[in-house]
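Below is structure00.cif, holding mmCIF, C-alpha atoms and all ligand atoms.
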```cif
data_final
#
loop_
_atom_site.label_atom_id
_atom_site.label_comp_id
_atom_site.auth_asym_id
_atom_site.auth_seq_id
_atom_site.Cartn_x
_atom_site.Cartn_y
_atom_site.Cartn_z
CA MET A 1 54.17 59.73 -41.16
CA ALA A 2 52.22 57.68 -38.75
CA GLY A 3 48.57 57.55 -39.55
CA PHE A 4 48.45 60.31 -42.14
CA ARG A 5 49.44 59.38 -45.65
CA LEU A 6 49.69 62.77 -47.25
CA PRO A 7 50.15 62.89 -51.00
CA PRO A 8 53.63 64.22 -51.65
CA GLU A 9 52.40 67.01 -53.93
CA ASP A 10 55.09 69.42 -52.88
CA SER A 11 57.78 66.85 -52.97
CA ASP A 12 60.30 66.19 -55.68
CA LEU A 13 58.86 62.70 -55.68
CA SER A 14 55.86 63.84 -57.64
CA GLN A 15 58.14 64.76 -60.52
CA ALA A 16 60.42 61.79 -60.04
CA ARG A 17 61.25 59.82 -63.13
CA ALA A 18 60.64 56.17 -62.48
CA PRO A 19 61.55 53.01 -64.37
CA ALA A 20 59.06 51.63 -66.86
CA THR A 21 56.21 49.87 -65.13
CA THR A 22 57.46 46.49 -66.32
CA ASP A 23 60.56 47.04 -64.16
CA LEU A 24 58.30 46.90 -61.16
CA ILE A 25 57.06 43.39 -61.80
CA SER A 26 60.10 41.44 -60.68
CA ASP A 27 62.18 41.65 -57.50
CA ASP A 28 65.00 40.00 -59.37
CA ASP A 29 65.55 42.75 -61.87
CA ARG A 30 68.86 44.22 -60.77
CA SER A 31 69.45 46.03 -64.06
CA VAL A 32 67.84 49.34 -63.25
CA ALA A 33 70.51 51.95 -63.84
CA ALA A 34 71.42 53.85 -60.70
CA ASP A 35 70.84 57.19 -62.33
CA SER A 36 67.26 56.34 -63.27
CA TRP A 37 66.19 56.64 -59.65
CA SER A 38 65.63 60.25 -58.98
CA ILE A 39 64.48 59.63 -55.40
CA LYS A 40 67.82 58.03 -54.72
CA SER A 41 69.81 60.71 -56.50
CA ASP A 42 68.38 63.19 -53.99
CA TYR A 43 70.37 61.33 -51.32
CA GLY A 44 73.52 62.84 -52.73
CA SER A 45 74.98 65.92 -51.19
CA THR A 46 72.85 68.47 -53.07
CA LEU A 47 70.07 68.59 -50.45
CA ASP A 48 70.58 69.45 -46.82
CA ASP A 49 70.10 66.62 -44.34
CA ASP A 50 66.73 67.79 -43.02
CA GLN A 51 65.31 67.99 -46.52
CA ARG A 52 66.61 64.52 -47.35
CA HIS A 53 65.13 63.05 -44.18
CA ALA A 54 61.81 64.71 -44.93
CA ASP A 55 61.83 63.40 -48.52
CA ALA A 56 62.82 59.91 -47.42
CA SER A 57 60.16 59.72 -44.73
CA GLU A 58 57.63 61.11 -47.16
CA ALA A 59 58.52 58.45 -49.70
CA LEU A 60 57.95 55.75 -47.11
CA SER A 61 54.75 57.26 -45.77
CA ALA A 62 53.18 58.34 -49.06
CA ALA A 63 52.41 54.94 -50.45
CA THR A 64 49.24 52.98 -50.06
CA PHE A 65 49.07 49.41 -51.30
CA PRO A 66 47.97 49.38 -54.93
CA ALA A 67 46.61 46.16 -56.36
CA ALA A 68 49.15 44.25 -58.43
CA SER A 69 47.01 44.84 -61.50
CA ASP A 70 47.70 48.58 -61.23
CA TYR A 71 51.21 47.86 -62.45
CA SER A 72 50.04 46.53 -65.78
CA SER A 73 48.96 50.02 -66.73
CA ASP A 74 50.80 51.49 -69.74
CA LYS A 75 51.09 54.90 -68.13
CA GLU A 76 54.43 56.49 -69.07
CA GLU A 77 54.84 58.27 -65.74
CA PRO A 78 53.82 56.33 -62.61
CA ASP A 79 52.07 58.40 -59.97
CA ALA A 80 53.59 59.26 -56.60
CA ASP A 81 52.21 56.14 -54.94
CA THR A 82 53.90 54.01 -57.58
CA VAL A 83 57.17 55.90 -57.18
CA ALA A 84 57.01 55.45 -53.41
CA SER A 85 56.20 51.76 -53.77
CA MET A 86 59.56 51.23 -55.50
CA LEU A 87 60.91 51.18 -51.95
CA GLY A 88 59.33 47.73 -51.67
CA PHE A 89 61.75 46.30 -54.26
CA GLN A 90 65.24 45.00 -53.64
CA SER A 91 66.41 46.52 -56.92
CA TYR A 92 65.64 49.95 -55.46
CA TRP A 93 67.78 49.30 -52.39
CA ASP A 94 70.64 47.77 -54.40
CA ALA A 95 70.77 50.90 -56.57
CA THR A 96 70.51 53.15 -53.50
CA TYR A 97 73.38 51.47 -51.67
CA ALA A 98 75.57 51.38 -54.79
CA ASP A 99 75.20 55.16 -54.85
CA GLU A 100 75.72 55.53 -51.10
CA MET A 101 78.86 53.39 -51.27
CA THR A 102 80.23 55.73 -53.94
CA ASN A 103 79.42 58.71 -51.70
CA PHE A 104 81.15 56.99 -48.80
CA ARG A 105 84.29 56.25 -50.84
CA GLU A 106 84.48 59.71 -52.37
CA HIS A 107 83.29 61.90 -49.49
CA GLY A 108 83.13 59.68 -46.38
CA HIS A 109 79.34 60.19 -46.11
CA VAL A 110 77.36 57.78 -43.90
CA GLY A 111 74.31 57.97 -46.18
CA GLU A 112 70.67 58.16 -45.17
CA VAL A 113 69.80 58.00 -41.47
CA TRP A 114 66.13 57.14 -41.86
CA PHE A 115 63.74 59.47 -40.01
CA GLY A 116 66.74 61.62 -38.99
CA ALA A 117 69.30 61.70 -36.22
CA ASP A 118 66.85 62.95 -33.55
CA VAL A 119 64.56 59.96 -34.00
CA MET A 120 67.54 57.59 -33.96
CA GLU A 121 68.80 59.11 -30.70
CA MET A 122 65.34 58.80 -29.16
CA VAL A 123 65.00 55.17 -30.29
CA VAL A 124 68.41 54.28 -28.85
CA SER A 125 68.01 56.00 -25.46
CA TRP A 126 64.42 54.76 -25.05
CA THR A 127 65.41 51.18 -25.95
CA LYS A 128 68.32 51.30 -23.53
CA SER A 129 65.97 52.38 -20.72
CA LEU A 130 63.50 49.65 -21.65
CA CYS A 131 66.19 46.94 -21.54
CA THR A 132 67.62 48.29 -18.29
CA ASN A 133 64.16 48.30 -16.69
CA ILE A 134 63.61 44.72 -17.81
CA CYS A 135 66.96 43.67 -16.31
CA GLN A 136 66.03 45.35 -13.06
CA GLY A 137 62.78 43.41 -12.98
CA GLN A 138 60.64 46.46 -13.78
CA LEU A 139 58.60 45.21 -16.70
CA ALA A 140 56.31 48.20 -16.32
CA ASN A 141 54.27 49.21 -19.32
CA HIS A 142 55.87 52.60 -19.37
CA VAL A 143 59.40 53.80 -20.04
CA ASP A 144 60.08 57.43 -19.26
CA ASP A 145 60.88 58.99 -22.64
CA ASP A 146 63.00 61.68 -20.96
CA LYS A 147 64.87 58.78 -19.46
CA SER A 148 66.55 59.10 -16.15
CA GLU A 149 70.13 57.88 -16.33
CA PRO A 150 70.23 54.13 -15.67
CA ASP A 151 72.60 53.19 -12.87
CA GLU A 152 75.93 51.55 -13.51
CA LYS A 153 74.56 48.06 -12.80
CA GLY A 154 71.86 48.69 -15.40
CA ASP A 155 74.45 49.75 -17.98
CA LYS A 156 76.52 46.63 -17.33
CA SER A 157 73.49 44.41 -17.82
CA LEU A 158 73.26 45.57 -21.44
CA VAL A 159 76.16 43.30 -22.41
CA SER A 160 73.84 40.33 -21.86
CA TRP A 161 71.50 41.50 -24.62
CA SER A 162 72.04 39.94 -28.02
CA VAL A 163 70.83 42.51 -30.56
CA LEU A 164 69.69 42.04 -34.17
CA ASP A 165 68.92 45.03 -36.41
CA ILE A 166 66.88 43.84 -39.40
CA GLY A 167 67.20 45.90 -42.57
CA THR A 168 70.16 47.63 -40.98
CA GLY A 169 71.06 49.78 -44.03
CA ASN A 170 74.24 51.67 -43.13
CA GLY A 171 74.31 50.04 -39.68
CA VAL A 172 74.57 53.37 -37.86
CA LEU A 173 71.79 52.42 -35.40
CA LEU A 174 73.99 49.55 -34.20
CA GLN A 175 76.93 51.90 -33.75
CA GLU A 176 74.74 54.09 -31.54
CA LEU A 177 73.61 51.06 -29.51
CA ALA A 178 77.28 50.06 -29.09
CA LYS A 179 78.06 53.53 -27.70
CA GLN A 180 75.33 52.96 -25.09
CA GLY A 181 76.84 49.69 -23.81
CA PHE A 182 75.33 46.95 -25.99
CA SER A 183 78.09 44.67 -27.24
CA ASP A 184 76.56 41.59 -28.93
CA LEU A 185 75.39 43.29 -32.11
CA THR A 186 74.35 41.86 -35.49
CA GLY A 187 72.94 43.69 -38.50
CA THR A 188 71.26 42.07 -41.51
CA ASP A 189 69.99 43.43 -44.78
CA PHE A 190 68.94 41.76 -48.04
CA SER A 191 71.05 44.19 -50.05
CA ASP A 192 74.75 43.25 -50.40
CA GLY A 193 75.50 46.94 -50.92
CA ALA A 194 73.96 47.87 -47.55
CA ILE A 195 76.10 45.28 -45.79
CA ASP A 196 79.26 46.47 -47.60
CA LEU A 197 78.48 50.04 -46.56
CA ALA A 198 77.63 49.09 -42.96
CA ARG A 199 80.87 47.08 -42.63
CA SER A 200 82.97 49.85 -44.15
CA LEU A 201 81.48 52.46 -41.81
CA ALA A 202 81.83 50.22 -38.75
CA ASP A 203 85.49 49.51 -39.60
CA ARG A 204 86.21 53.18 -40.17
CA ASP A 205 84.52 54.18 -36.91
CA GLY A 206 86.17 51.46 -34.79
CA PHE A 207 83.13 49.21 -34.27
CA THR A 208 84.80 46.09 -35.59
CA ASN A 209 82.88 43.84 -33.17
CA ILE A 210 79.54 44.44 -34.93
CA LYS A 211 78.62 41.50 -37.18
CA PHE A 212 76.93 42.16 -40.52
CA LEU A 213 75.27 39.54 -42.74
CA VAL A 214 73.29 39.53 -45.97
CA ASP A 215 69.90 38.05 -45.09
CA ASP A 216 66.33 38.50 -46.28
CA VAL A 217 64.19 38.70 -43.16
CA LEU A 218 61.26 37.13 -45.02
CA GLU A 219 63.35 34.01 -45.76
CA THR A 220 65.85 34.28 -42.97
CA LYS A 221 68.75 31.86 -42.77
CA LEU A 222 69.51 32.90 -39.19
CA GLU A 223 69.03 30.08 -36.74
CA ARG A 224 69.98 32.09 -33.69
CA LYS A 225 67.43 33.94 -31.57
CA PHE A 226 68.06 37.43 -30.22
CA ARG A 227 66.97 39.08 -27.01
CA LEU A 228 66.45 42.43 -28.71
CA VAL A 229 65.36 42.81 -32.35
CA MET A 230 65.29 46.30 -33.85
CA ASP A 231 63.50 47.42 -37.00
CA LYS A 232 63.70 51.03 -38.15
CA GLY A 233 61.91 51.53 -41.45
CA THR A 234 62.21 47.93 -42.68
CA LEU A 235 58.62 46.82 -42.15
CA ASP A 236 57.58 50.09 -43.80
CA ALA A 237 59.70 49.27 -46.86
CA ILE A 238 58.44 45.67 -46.98
CA GLY A 239 54.85 46.88 -46.87
CA LEU A 240 55.43 49.08 -49.92
CA HIS A 241 55.86 46.09 -52.23
CA PRO A 242 52.74 45.44 -54.35
CA ASP A 243 52.40 42.18 -52.39
CA GLY A 244 52.94 44.12 -49.18
CA THR A 245 49.95 42.66 -47.38
CA ILE A 246 51.17 39.05 -47.60
CA LYS A 247 54.80 40.11 -47.10
CA ARG A 248 53.84 41.80 -43.83
CA ILE A 249 52.26 38.54 -42.64
CA MET A 250 55.46 36.70 -43.61
CA TYR A 251 57.44 39.34 -41.72
CA TRP A 252 55.62 38.70 -38.43
CA TYR A 253 56.01 34.96 -38.83
CA SER A 254 59.75 35.30 -39.48
CA VAL A 255 60.39 37.82 -36.74
CA SER A 256 58.55 35.67 -34.20
CA LYS A 257 61.27 33.05 -34.84
CA LEU A 258 64.08 35.57 -34.39
CA VAL A 259 63.07 37.08 -31.04
CA ALA A 260 63.99 34.87 -28.07
CA PRO A 261 61.25 34.06 -25.55
CA GLY A 262 61.20 36.94 -23.06
CA GLY A 263 62.99 39.13 -25.63
CA ILE A 264 61.64 42.26 -27.27
CA LEU A 265 61.00 43.66 -30.73
CA VAL A 266 61.26 47.42 -31.18
CA ILE A 267 59.71 48.71 -34.39
CA THR A 268 60.01 52.29 -35.63
CA SER A 269 57.62 53.16 -38.43
CA CYS A 270 56.49 56.21 -40.33
CA ASN A 271 53.76 54.36 -42.19
CA SER A 272 51.85 52.77 -39.31
CA THR A 273 50.61 54.34 -36.10
CA LYS A 274 51.23 52.67 -32.77
CA ASP A 275 47.59 51.51 -32.78
CA GLU A 276 47.92 50.06 -36.30
CA LEU A 277 51.02 48.11 -35.29
CA VAL A 278 49.30 46.81 -32.16
CA GLN A 279 46.31 45.76 -34.28
CA GLU A 280 48.61 43.99 -36.76
CA VAL A 281 50.19 42.06 -33.89
CA THR A 282 46.77 41.22 -32.47
CA ASN A 283 45.80 39.79 -35.87
CA PHE A 284 49.04 37.81 -36.02
CA ASN A 285 48.51 36.51 -32.48
CA GLN A 286 45.05 35.31 -33.43
CA ARG A 287 46.43 33.38 -36.40
CA GLY A 288 49.09 31.70 -34.19
CA VAL A 289 52.66 30.96 -35.21
CA VAL A 290 51.87 29.14 -38.42
CA ALA A 291 53.68 30.17 -41.61
CA PRO A 292 51.29 31.67 -44.19
CA GLN A 293 52.13 28.92 -46.69
CA GLU A 294 51.91 26.05 -44.15
CA PRO A 295 48.67 24.05 -44.17
CA GLU A 296 47.06 23.66 -40.74
CA THR A 297 47.90 20.27 -39.26
CA PRO A 298 46.98 18.88 -35.83
CA GLY A 299 50.56 19.73 -34.77
CA ASN A 300 50.57 23.37 -35.72
CA GLN A 301 46.95 23.85 -34.62
CA GLU A 302 48.40 23.10 -31.18
CA ALA A 303 50.81 25.98 -31.72
CA GLY A 304 47.80 28.25 -32.13
CA ARG A 305 46.78 27.38 -28.55
CA ASP A 306 50.18 28.46 -27.15
CA PRO A 307 50.34 31.88 -25.53
CA PRO A 308 50.14 34.60 -28.19
CA PRO A 309 53.60 35.23 -29.66
CA PHE A 310 53.76 38.93 -28.92
CA ARG A 311 52.32 41.32 -26.40
CA PHE A 312 52.41 45.10 -26.52
CA LEU A 313 54.90 46.49 -24.02
CA ASP A 314 55.33 50.22 -24.51
CA HIS A 315 55.78 52.99 -27.06
CA VAL A 316 57.61 56.29 -27.37
CA ARG A 317 55.29 59.08 -26.30
CA SER A 318 57.45 62.11 -26.85
CA TYR A 319 57.69 62.44 -30.62
CA PRO A 320 56.41 65.82 -31.78
CA THR A 321 52.76 65.71 -32.82
CA PHE A 322 50.73 67.88 -35.19
CA MET A 323 47.10 68.32 -36.12
CA PHE A 324 45.79 67.23 -39.49
CA GLY A 325 42.16 66.87 -40.51
CA GLY A 326 41.06 67.21 -36.91
CA SER A 327 43.29 64.36 -35.68
CA VAL A 328 46.54 64.46 -33.80
CA GLY A 329 49.38 62.43 -35.23
CA SER A 330 53.12 62.15 -35.14
CA ARG A 331 55.50 61.56 -37.99
CA VAL A 332 57.00 58.43 -36.46
CA ALA A 333 55.88 55.67 -34.08
CA THR A 334 58.22 53.44 -32.03
CA VAL A 335 56.56 50.44 -30.40
CA ALA A 336 57.99 47.57 -28.31
CA PHE A 337 56.48 44.08 -28.19
CA LEU A 338 57.44 41.34 -25.74
CA ARG A 339 57.94 37.82 -27.16
CA ASN A 340 56.09 35.37 -24.95
C1 LIG B 1 63.95 52.51 -44.83
S1 LIG B 1 65.44 51.64 -44.94
C2 LIG B 1 65.97 51.66 -43.25
C3 LIG B 1 67.44 51.38 -43.08
C4 LIG B 1 67.92 51.42 -41.62
N1 LIG B 1 67.16 50.51 -40.78
C5 LIG B 1 67.84 52.82 -41.05
O1 LIG B 1 67.01 53.05 -40.17
O2 LIG B 1 68.59 53.68 -41.51
C6 LIG B 1 64.84 49.97 -45.14
C7 LIG B 1 65.94 48.94 -45.16
O3 LIG B 1 65.34 47.65 -45.16
C8 LIG B 1 66.04 46.81 -46.05
N2 LIG B 1 65.10 45.74 -46.42
C9 LIG B 1 63.93 45.86 -47.07
N3 LIG B 1 63.34 44.66 -47.22
C10 LIG B 1 64.14 43.76 -46.60
C11 LIG B 1 64.06 42.36 -46.39
N4 LIG B 1 63.05 41.63 -46.87
N5 LIG B 1 65.05 41.74 -45.70
C12 LIG B 1 66.10 42.46 -45.23
N6 LIG B 1 66.25 43.79 -45.42
C13 LIG B 1 65.27 44.44 -46.08
C14 LIG B 1 66.47 47.73 -47.17
O4 LIG B 1 67.56 47.23 -47.93
C15 LIG B 1 66.83 48.98 -46.38
O5 LIG B 1 68.18 48.95 -45.97
#
```

How does this structure look as structure tokens?
Ligand SMILES: C[S@@+](CC[C@H](N)C(=O)[O-])C[C@H]1O[C@@H](n2cnc3c(N)ncnc32)[C@H](O)[C@@H]1O
Amino acid sequence: MAGFRLPPEDSDLSQARAPATTDLISDDDRSVAADSWSIKSDYGSTLDDDQRHADASEALSAATFPAASDYSSDKEEPDADTVASMLGFQSYWDATYADEMTNFREHGHVGEVWFGADVMEMVVSWTKSLCTNICQGQLANHVDDDKSEPDEKGDKSLVSWSVLDIGTGNGVLLQELAKQGFSDLTGTDFSDGAIDLARSLADRDGFTNIKFLVDDVLETKLERKFRLVMDKGTLDAIGLHPDGTIKRIMYWYSVSKLVAPGGILVITSCNSTKDELVQEVTNFNQRGVVAPQEPETPGNQEAGRDPPPFRFLDHVRSYPTFMFGGSVGSRVATVAFLRN
């Protein structure tokens, strides 16, 4: 939920049983039994889709960033923030996708569509309009959310866009982009299970041209640059790790290498407002494209004097808003940045 991090008091998450706090220390611990994750078990078929989307978004939006020392507590039952912050660990996603793969094999389910189908449809149609406008030389800072139909020439131009979806999960976003005319499509995720699921779904649904690779965006092995990079919920998940602050800095560094000059990054988040994302990019721009662990040298100080890596382009304006505590907010923000 952009901007408002409501405690999930009414949510099942507050009663969720979580692994012992020591399980939270290491990313490498893959031994957490699938059935110990009660958030994940809610993704089964017992809840209706709307409820699952609400719970999933709430899990992503509920967490703040606790200090690492909070995890040394000997509390038996972690609080809701701690439960939500499990989404920052790869072990959580591995267990989730193992379960979703079972659901796919047994029932043909696609699994979680994060933030729901309506948001995904909005992201896809809005992104298509943005790319079409760019191809037509209209780099205006405003895409009509209730998009007018792009002309045929605009649709054809979409084949020239190489697309990367980072943290693709089940890969359904890429399928939707393929239906709209994008054809050079790649999805990455650090969880093998996500990539297995995404490939299985794409094969079943006839999207055999979509490429899927296991890759951690924070230590990406991809050498190719893409004209369009999509992120729906991945930066949110990365930020939920106890080291989320530094991991978010690593994220921006890595993503700046993946977006081609003149290309765009479209981020959909339920844990940051549009203004927070713009501020985060401003901070990154001020640091320059220097990896967090790289010492400043005369060479990379030069890089800091290059044009700023990203500039704000546009955002989706038509998500439903609501009032809370005297402020207006929306559950989700989608923001596009241009790579200089
Ligand atoms: C909230 S889910 C969103 C999944 C998908 N984008 C969607 O919208 O349905 C976050 C995804 O990010 C992936 N992820 C988290 N951290 C990652 C990282 N460092 N590198 C690659 N994938 C990551 C998770 O495995 C998970 O699939």

Determine, counting all atoms listed in the file, every residue of protein, DNA or RNA that lies within 10 Å of (68.0, 53.1, -35.0) in the file coordinates, then give the result as a list in words.
->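 Selection result: Val113, Trp114, Phe115, Gly116, Ala117, Val119, Met120, Glu121, Met122, Val123, Val124, Ser125, Thr127, Asp165, Thr168, Gly171, Val172, Leu173, Leu174, Gln175, Glu176, Leu177, Met230, Asp231, Lys232, Gly233, Val266, Ile267 and Thr268 of chain A.
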
Ser191 (chain A) surroundings by only C-alpha atoms, 12 Å radius, close-in-sequence under 6 positions cut, as a VMD selection string | chain A and resid 27 to 28 30 89 to 98 166 to 170 197 to 198 212 to 217

To one decimal in Å, tell me the separation between atom C11 of ligand LIG 1 (chain B) and CA of Phe190 (chain A).
->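 Here the two named atoms are 5.2 Å from each other.
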
State, in Å with one decimal place, the distance from CA of Val229 (chain A) to CA of Ser129 (chain A).
->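 So the two atoms, CA of Val229 (chain A) and CA of Ser129 (chain A), lie 15.1 Å apart.
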
In Å, how far is it from CA of Arg248 (chain A) to CA of Asn283 (chain A)?
-> 11.5 Å

Do a neighbour search on region 251-257 of chain A at 9 Å with all atoms listed in the file, toss out local chain neighbours closer than 5 positions, and write the hits as a count of residues only.
-> 23

Skipping near chain neighbours, those fewer than 6 positions away, what residues fall within 9 Å of Val159 (chain A) using all atoms listed in the file, listed as a ChimeraX atom specification?
-> /A:181-184

Return the single residue from A:Asn103, A:Glu112, A:Leu130, A:Arg204 that is closest to ligand LIG 1 (chain B), with distances computed using all atoms listed in the file.
->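 Going through A:Asn103, A:Glu112, A:Leu130, A:Arg204 one by one, the smallest distance to ligand LIG 1 (chain B) is for A:Glu112.
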
Residue nearest ligand LIG 1 (chain B) among A:Ala336, A:Ile195, A:Ala237, A:Met101 (counting all atoms listed in the file) =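 For ligand LIG 1 (chain B), the nearest of the given residues is A:Ala237.
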
Top pick for closest residue to ligand LIG 1 (chain B), considering A:Ser330, A:Thr102, A:Ser85, A:Thr282 and counting all atoms listed in the file = A:Ser85

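With distances restricted to all atoms listed in the file, A:Leu240 is the closest residue to Leu87 (chain A) from A:Ile210, A:Leu240, A:Val278, A:Ala194.
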
Could you pull the residues within 12 Å of Gly137 (chain A), counting only C-alpha atoms, minus those fewer than 5 positions along the same chain, as a PDB file with C-alpha atoms, in the frame of the given file?
```pdb
ATOM      1  CA  LEU A 130      63.500  49.650 -21.650  1.00  0.00           C
ATOM      2  CA  CYS A 131      66.190  46.940 -21.540  1.00  0.00           C
ATOM      3  CA  THR A 132      67.620  48.290 -18.290  1.00  0.00           C
ATOM      4  CA  GLY A 154      71.860  48.690 -15.400  1.00  0.00           C
ATOM      5  CA  SER A 157      73.490  44.410 -17.820  1.00  0.00           C
TER       6      SER A 157
END
```

Given the choices A:Ile264, A:Leu277, A:Met323, A:Leu313, which gets closest to Leu164 (chain A) if the distance is worked out from all atoms listed in the file?
->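 Looking only at the distances to Leu164 (chain A), the closest residue turns out to be A:Ile264.
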
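For the residues A:Gln279, A:Gln286, A:Gln180, A:Ser269, ranking by smallest atom-to-atom distance to ligand LIG 1 (chain B) using all atoms listed in the file places A:Ser269 first.
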
Spatial neighbours of Val163 (chain A), 6 Å, all atoms listed in the file, chain gap at least 3 places, as a PyMOL selection string | chain A and resi 185+226+228-229
